[in-house]
Amino acid sequence: MALSVACLVSVSCEENGGDGTQAVSLDIKEVTDVSVSFTVSASDAELLTYRLVSEYDALPDAETLLRTGIQANPASQQVYTVGGLYPNTGYRIVAAAQLSGGSLSAVAEAAFTTMETDAVVPSISLSDVTPSSSSVTFILVPDSKTEEAFYICVPKTSGVPDAETVASDGFRADISEKLQYSVSGLLSETEYILAAVARSSDGTYSEVAHADVVTLDAAPAVMGDWYYSDGTWSSGSEDPVSGKECIGIVVHAGRSSTYGSDTGTYYTKDGHSRIDNINGYVVSLTEVAGGTMYAWGSWGVDGDDGAGTSHVSSDFMGYYNTSRIKAKAEEKSGGLSLDAEDNYPATYAAVVLYEDEVPAPETSSGWFLPSAQQLNYLMVQHDVINAAIDKLGGEAVPVYGSGCTYWSSSEYWNQNGSMYWSYYVRLDPAYVGGNIDYQRKSNEYKVRPWLVF
């Protein structure tokens, strides 16, 4: 605490309620940030009192002050101290005396301002800063003056945040022991600033400790990985990243060739940019509209022409098929709809309705109606995929279970020259034998969308 005197005043007053025959001597001796010391005396006075008031309070008269003040020894030069004051605040000491014969002195006053508090400045440092493709781990090292500590990770383009921003927008650290912290949900190959700040018991902030961070290349996708709404993914062997929205499960890493050929050309959801490097295929966590069933559509209208999709049940061409169906719908009526007579409700459900429920990332292909073999592949790998879905719990629906019968985007050509039918896939343990079958497009089955990223 500061010990220098902010104001040293000696007052001898002959006004404000007294007859002036006897002056009160009031001397400020020392002012700190939380107290004031002073002497007060009045020779031959019968009663002497003093009181502390704010600089804004009205000056009390002598009679009131003698009745309500703190009694002092009139004849001594004793030093009195008043504590519990606020730093950098204006006050006054006021005093009055009752003289022999009963007359009152004038009220003496001495104004002063307490000193500013010496701030307790803490410090904090960052160590062992280690980035991955989607997170950064680090250790916080606060000093003994630290009462609270906070950290945050922001894009480098935002610049180094100030202390108040780190504390208000960041995460609180546990300073009781030396711990490793982690910020997850970061984009791969991206520049960030990791920042930390300490705060002492008097509210003083440390300098902001900060470090530049560049996340690593994304790890290759693996079947069973979590896929998020921001287009990133993380290992299915770990819990999903906190704070991210998981919207699907990776069912196949890279472009398919072994389980079904895929020669299609992929574009981002807006249709403007090609996706040349396919990281993998993702199945949605739920069925469209809670398992509502839809007709494939346009049975008896398109006839032998069909919608122009793949006619086999062994490829991975769901995205291609969906693009052909969309083009046919555009040609017919300006786009997809739920019109089962002359449009394509199952594809509409996958592309439009599910996009409204769970928007696909802009960097992905967007949701599409998978091919027959893509759906059949879910049965082949259902142990891994269902295990991941079980971890999520909530509304996530198994890909192989009771009632899991889905329309594919693959059309069926009857060699007798009749109209196109379409393939559907039964992923239900109750069915024994082949999972892929075909049926009239007027039949209704559920829809389970996919996307490519």
# chains A, B, ... in the order shown; residues from 1 in each chain; ligands from 1

call {"tool": "residues_around", "arguments": {"residues": "Asn321 in chain A", "least_positions_apart": "3", "cutoff": "6 Å", "atoms": "only C-alpha atoms", "output": "PyMOL selection string"}}
result
chain A and resi 309+318+324+409

call {"tool": "write_last_selection", "arguments": {"atoms": "N, CA, C and O atoms", "output": "JSON list (two decimals), in the first residue's frame"}}
result
[["chain", "number", "residue", "atom", "x", "y", "z"],
["A", 309, "THR", "N", -30.57, -43.37, -64.77],
["A", 309, "THR", "CA", -29.58, -43.74, -63.78],
["A", 309, "THR", "C", -28.88, -45.03, -64.17],
["A", 309, "THR", "O", -29.18, -45.65, -65.19],
["A", 318, "GLY", "N", -24.25, -43.64, -56.55],
["A", 318, "GLY", "CA", -25.42, -42.94, -56.02],
["A", 318, "GLY", "C", -25.44, -41.47, -56.34],
["A", 318, "GLY", "O", -26.49, -40.90, -56.64],
["A", 324, "ARG", "N", -28.66, -37.45, -62.19],
["A", 324, "ARG", "CA", -29.50, -37.76, -63.35],
["A", 324, "ARG", "C", -30.98, -37.58, -63.00],
["A", 324, "ARG", "O", -31.75, -37.05, -63.80],
["A", 409, "SER", "N", -30.99, -45.36, -55.43],
["A", 409, "SER", "CA", -31.16, -44.51, -56.62],
["A", 409, "SER", "C", -30.96, -45.30, -57.90],
["A", 409, "SER", "O", -31.02, -44.73, -59.00]]

call {"tool": "residues_around", "arguments": {"residues": "Ser234 in chain A", "least_positions_apart": "2", "cutoff": "10 Å", "atoms": "only C-alpha atoms", "output": "list in words"}}
result
Ser133, Ser134, Gly185, Ala218, Ala219, Pro220, Ala221, Val222, Gly224, Asp225, Trp226, Tyr227, Tyr228, Thr232, Gly236, Ser237, Glu238, Asp239, Pro240, Val241, Cys246 and Val250 of chain A

call {"tool": "closest_residue", "arguments": {"among": "A:Lys156, A:Arg172, A:Lys391, A:Lys328", "to": "Leu285 in chain A", "atoms": "only C-alpha atoms"}}
result
A:Lys391

call {"tool": "closest_residue", "arguments": {"among": "A:Trp407, A:Tyr205, A:Trp413, A:Phe138", "to": "Lys178 in chain A", "atoms": "only C-alpha atoms"}}
result
A:Phe138

call {"tool": "residues_around", "arguments": {"residues": "Ala167 in chain A", "least_positions_apart": "6", "cutoff": "9 Å", "atoms": "only C-alpha atoms", "output": "count of residues only"}}
result
8

call {"tool": "residues_around", "arguments": {"residues": "range 420-422 of chain A", "least_positions_apart": "5", "cutoff": "9 Å", "atoms": "only C-alpha atoms", "output": "list of chain:residue names"}}
result
A:Trp296, A:Trp299, A:Gly300, A:Asp302, A:Gly303, A:Asp304, A:Asp305, A:Gly306, A:Ala307, A:His311, A:Trp407, A:Ser408, A:Ser409, A:Ser410, A:Glu411, A:Tyr412, A:Trp413, A:Asn414, A:Asp437, A:Tyr438, A:Gln439, A:Arg440, A:Lys441

call {"tool": "atom_distance", "arguments": {"atom1": "CA of Ser364 in chain A", "atom2": "CA of Thr322 in chain A"}}
result
14.8 Å

call {"tool": "closest_residue", "arguments": {"among": "A:Val283, A:Ala45, A:Leu375, A:Val214", "to": "Asp315 in chain A", "atoms": "only C-alpha atoms"}}
result
A:Leu375

call {"tool": "atom_distance", "arguments": {"atom1": "CA of Thr286 in chain A", "atom2": "CA of Pro398 in chain A"}}
result
8.0 Å

call {"tool": "closest_residue", "arguments": {"among": "A:Ser273, A:Ser284, A:Thr81, A:Ser323", "to": "Asn386 in chain A", "atoms": "only C-alpha atoms"}}
result
A:Ser284

call {"tool": "select_by_dssp", "arguments": {"residues": "range 210-303 of chain A", "states": "strand (DSSP E or B)", "output": "number ranges by chain"}}
result
A: 210-214, 226-228, 233-234, 246-253, 267, 274, 280-284, 294-295

call {"tool": "atom_distance", "arguments": {"atom1": "CA of Lys446 in chain A", "atom2": "CA of Lys244 in chain A"}}
result
27.5 Å

call {"tool": "select_by_dssp", "arguments": {"residues": "range 119-307 of chain A", "states": "alpha helix (DSSP H)", "output": "list in words"}}
result
Ala163, Glu164, Thr165, Val166, Ala167, Ser168 and Asp169 of chain A

call {"tool": "closest_residue", "arguments": {"among": "A:Ser176, A:Ser182, A:Thr347, A:Thr165", "to": "Ser132 in chain A", "atoms": "only C-alpha atoms"}}
result
A:Ser182

call {"tool": "residues_around", "arguments": {"residues": "Thr117 in chain A", "least_positions_apart": "2", "cutoff": "12 Å", "atoms": "only C-alpha atoms", "output": "PyMOL selection string"}}
result
chain A and resi 1-4+31-35+85-89+114-115+119-121+202-204

call {"tool": "residues_around", "arguments": {"residues": "Leu65 in chain A", "least_positions_apart": "2", "cutoff": "9 Å", "atoms": "only C-alpha atoms", "output": "PyMOL selection string"}}
result
chain A and resi 49-51+60-63+67-70+94-97+107

call {"tool": "write_last_selection", "arguments": {"atoms": "N, CA and C atoms", "output": "compact mmCIF listing (two decimals), in the first residue's frame"}}
result
# COMPACT_ATOMS: atom_id res chain seq x y z
N THR A 49 -15.24 16.08 19.16
CA THR A 49 -15.58 14.90 18.35
C THR A 49 -15.15 15.12 16.90
N TYR A 50 -15.02 13.99 16.20
CA TYR A 50 -14.70 14.05 14.76
C TYR A 50 -15.51 12.99 14.03
N ARG A 51 -15.54 13.13 12.71
CA ARG A 51 -16.25 12.14 11.89
C ARG A 51 -15.70 12.19 10.47
N PRO A 60 -21.83 18.83 8.26
CA PRO A 60 -22.75 18.86 9.40
C PRO A 60 -22.49 20.09 10.28
N ASP A 61 -23.51 20.53 11.01
CA ASP A 61 -23.27 21.65 11.94
C ASP A 61 -22.63 21.11 13.20
N ALA A 62 -22.13 22.01 14.04
CA ALA A 62 -21.37 21.62 15.22
C ALA A 62 -22.21 20.81 16.19
N GLU A 63 -23.48 21.19 16.37
CA GLU A 63 -24.34 20.49 17.32
C GLU A 63 -24.54 19.04 16.89
N ARG A 67 -23.00 15.46 18.65
CA ARG A 67 -23.92 14.41 19.08
C ARG A 67 -23.61 13.08 18.41
N THR A 68 -23.11 13.10 17.18
CA THR A 68 -22.97 11.86 16.41
C THR A 68 -21.52 11.46 16.15
N GLY A 69 -20.54 12.33 16.47
CA GLY A 69 -19.17 12.05 16.13
C GLY A 69 -18.47 11.12 17.10
N ILE A 70 -17.21 10.84 16.81
CA ILE A 70 -16.35 10.00 17.65
C ILE A 70 -15.58 10.92 18.60
N VAL A 94 -14.12 15.87 9.59
CA VAL A 94 -14.74 17.07 10.17
C VAL A 94 -14.70 16.94 11.70
N ALA A 95 -14.57 18.06 12.41
CA ALA A 95 -14.47 18.02 13.88
C ALA A 95 -15.09 19.29 14.47
N ALA A 96 -15.57 19.16 15.70
CA ALA A 96 -16.14 20.31 16.41
C ALA A 96 -15.94 20.11 17.91
N ALA A 97 -15.98 21.22 18.66
CA ALA A 97 -15.74 21.17 20.11
C ALA A 97 -16.84 21.94 20.83
N VAL A 107 -17.05 24.32 12.87
CA VAL A 107 -16.70 22.99 12.38
C VAL A 107 -15.43 23.08 11.55

call {"tool": "residues_around", "arguments": {"residues": "Asp262 in chain A", "least_positions_apart": "5", "cutoff": "12 Å", "atoms": "only C-alpha atoms", "output": "PDB file with N, CA, C and O atoms, in the first residue's frame"}}
result
ATOM      1  N   GLY A 254     -11.837 -42.968 -48.959  1.00  0.00           N
ATOM      2  CA  GLY A 254     -11.376 -42.863 -50.338  1.00  0.00           C
ATOM      3  C   GLY A 254     -12.425 -43.300 -51.342  1.00  0.00           C
ATOM      4  O   GLY A 254     -13.514 -43.767 -50.994  1.00  0.00           O
ATOM      5  N   ARG A 255     -12.114 -43.133 -52.633  1.00  0.00           N
ATOM      6  CA  ARG A 255     -13.038 -43.531 -53.695  1.00  0.00           C
ATOM      7  C   ARG A 255     -13.140 -45.059 -53.754  1.00  0.00           C
ATOM      8  O   ARG A 255     -12.141 -45.761 -53.736  1.00  0.00           O
ATOM      9  N   SER A 256     -14.344 -45.567 -53.870  1.00  0.00           N
ATOM     10  CA  SER A 256     -14.556 -47.003 -53.873  1.00  0.00           C
ATOM     11  C   SER A 256     -14.100 -47.637 -55.184  1.00  0.00           C
ATOM     12  O   SER A 256     -14.306 -47.089 -56.265  1.00  0.00           O
ATOM     13  N   SER A 257     -13.494 -48.801 -55.065  1.00  0.00           N
ATOM     14  CA  SER A 257     -13.150 -49.607 -56.237  1.00  0.00           C
ATOM     15  C   SER A 257     -13.372 -51.090 -55.955  1.00  0.00           C
ATOM     16  O   SER A 257     -13.758 -51.850 -56.837  1.00  0.00           O
ATOM     17  N   ILE A 278     -11.339 -37.437 -53.131  1.00  0.00           N
ATOM     18  CA  ILE A 278     -12.430 -37.954 -52.300  1.00  0.00           C
ATOM     19  C   ILE A 278     -11.837 -38.556 -51.031  1.00  0.00           C
ATOM     20  O   ILE A 278     -11.082 -39.531 -51.080  1.00  0.00           O
ATOM     21  N   GLY A 280     -13.837 -39.698 -48.520  1.00  0.00           N
ATOM     22  CA  GLY A 280     -14.652 -40.832 -48.132  1.00  0.00           C
ATOM     23  C   GLY A 280     -16.125 -40.583 -48.340  1.00  0.00           C
ATOM     24  O   GLY A 280     -16.559 -39.530 -48.824  1.00  0.00           O
ATOM     25  N   TYR A 281     -16.917 -41.591 -47.980  1.00  0.00           N
ATOM     26  CA  TYR A 281     -18.378 -41.552 -48.077  1.00  0.00           C
ATOM     27  C   TYR A 281     -18.952 -41.547 -46.657  1.00  0.00           C
ATOM     28  O   TYR A 281     -18.442 -42.228 -45.770  1.00  0.00           O
ATOM     29  N   SER A 310     -27.945 -45.454 -63.334  1.00  0.00           N
ATOM     30  CA  SER A 310     -27.283 -46.748 -63.511  1.00  0.00           C
ATOM     31  C   SER A 310     -28.313 -47.868 -63.401  1.00  0.00           C
ATOM     32  O   SER A 310     -29.237 -47.797 -62.601  1.00  0.00           O
ATOM     33  N   SER A 314     -24.532 -53.141 -58.534  1.00  0.00           N
ATOM     34  CA  SER A 314     -23.216 -53.462 -57.975  1.00  0.00           C
ATOM     35  C   SER A 314     -22.247 -52.289 -57.956  1.00  0.00           C
ATOM     36  O   SER A 314     -21.065 -52.481 -57.660  1.00  0.00           O
ATOM     37  N   ASP A 315     -22.711 -51.068 -58.275  1.00  0.00           N
ATOM     38  CA  ASP A 315     -21.777 -49.940 -58.329  1.00  0.00           C
ATOM     39  C   ASP A 315     -22.000 -48.986 -57.147  1.00  0.00           C
ATOM     40  O   ASP A 315     -22.962 -49.119 -56.388  1.00  0.00           O
ATOM     41  N   PHE A 316     -21.086 -48.014 -57.040  1.00  0.00           N
ATOM     42  CA  PHE A 316     -21.138 -46.979 -56.009  1.00  0.00           C
ATOM     43  C   PHE A 316     -21.503 -45.629 -56.640  1.00  0.00           C
ATOM     44  O   PHE A 316     -20.904 -44.607 -56.338  1.00  0.00           O
ATOM     45  N   MET A 317     -22.494 -45.614 -57.520  1.00  0.00           N
ATOM     46  CA  MET A 317     -22.789 -44.442 -58.336  1.00  0.00           C
ATOM     47  C   MET A 317     -24.015 -43.669 -57.846  1.00  0.00           C
ATOM     48  O   MET A 317     -24.726 -43.053 -58.636  1.00  0.00           O
ATOM     49  N   GLY A 318     -24.251 -43.644 -56.553  1.00  0.00           N
ATOM     50  CA  GLY A 318     -25.416 -42.945 -56.022  1.00  0.00           C
ATOM     51  C   GLY A 318     -25.435 -41.468 -56.339  1.00  0.00           C
ATOM     52  O   GLY A 318     -26.494 -40.897 -56.643  1.00  0.00           O
ATOM     53  N   TYR A 319     -24.268 -40.802 -56.282  1.00  0.00           N
ATOM     54  CA  TYR A 319     -24.210 -39.367 -56.581  1.00  0.00           C
ATOM     55  C   TYR A 319     -24.548 -39.124 -58.044  1.00  0.00           C
ATOM     56  O   TYR A 319     -25.309 -38.210 -58.383  1.00  0.00           O
ATOM     57  N   TYR A 320     -23.993 -39.959 -58.928  1.00  0.00           N
ATOM     58  CA  TYR A 320     -24.293 -39.842 -60.355  1.00  0.00           C
ATOM     59  C   TYR A 320     -25.780 -40.071 -60.591  1.00  0.00           C
ATOM     60  O   TYR A 320     -26.438 -39.310 -61.312  1.00  0.00           O
ATOM     61  N   ASN A 321     -26.329 -41.136 -60.005  1.00  0.00           N
ATOM     62  CA  ASN A 321     -27.747 -41.422 -60.175  1.00  0.00           C
ATOM     63  C   ASN A 321     -28.608 -40.246 -59.735  1.00  0.00           C
ATOM     64  O   ASN A 321     -29.571 -39.856 -60.406  1.00  0.00           O
ATOM     65  N   PRO A 370     -28.315 -42.916 -52.148  1.00  0.00           N
ATOM     66  CA  PRO A 370     -27.243 -43.870 -52.475  1.00  0.00           C
ATOM     67  C   PRO A 370     -27.702 -44.956 -53.447  1.00  0.00           C
ATOM     68  O   PRO A 370     -28.900 -45.221 -53.603  1.00  0.00           O
ATOM     69  N   SER A 371     -26.723 -45.577 -54.089  1.00  0.00           N
ATOM     70  CA  SER A 371     -27.012 -46.687 -55.004  1.00  0.00           C
ATOM     71  C   SER A 371     -27.344 -47.944 -54.208  1.00  0.00           C
ATOM     72  O   SER A 371     -27.156 -48.008 -52.986  1.00  0.00           O
ATOM     73  N   GLN A 373     -25.774 -50.837 -54.272  1.00  0.00           N
ATOM     74  CA  GLN A 373     -24.586 -51.447 -53.662  1.00  0.00           C
ATOM     75  C   GLN A 373     -24.074 -50.623 -52.482  1.00  0.00           C
ATOM     76  O   GLN A 373     -23.554 -51.188 -51.522  1.00  0.00           O
ATOM     77  N   GLN A 374     -24.217 -49.313 -52.535  1.00  0.00           N
ATOM     78  CA  GLN A 374     -23.819 -48.481 -51.392  1.00  0.00           C
ATOM     79  C   GLN A 374     -24.644 -48.843 -50.164  1.00  0.00           C
ATOM     80  O   GLN A 374     -24.116 -48.944 -49.056  1.00  0.00           O
ATOM     81  N   VAL A 452     -20.519 -37.340 -50.035  1.00  0.00           N
ATOM     82  CA  VAL A 452     -19.097 -37.565 -50.263  1.00  0.00           C
ATOM     83  C   VAL A 452     -18.347 -36.310 -49.826  1.00  0.00           C
ATOM     84  O   VAL A 452     -18.828 -35.183 -50.001  1.00  0.00           O
TER      85      VAL A 452
END

call {"tool": "closest_residue", "arguments": {"among": "A:Leu47, A:Val397, A:Ile93, A:Leu59", "to": "Ile28 in chain A", "atoms": "only C-alpha atoms"}}
result
A:Ile93
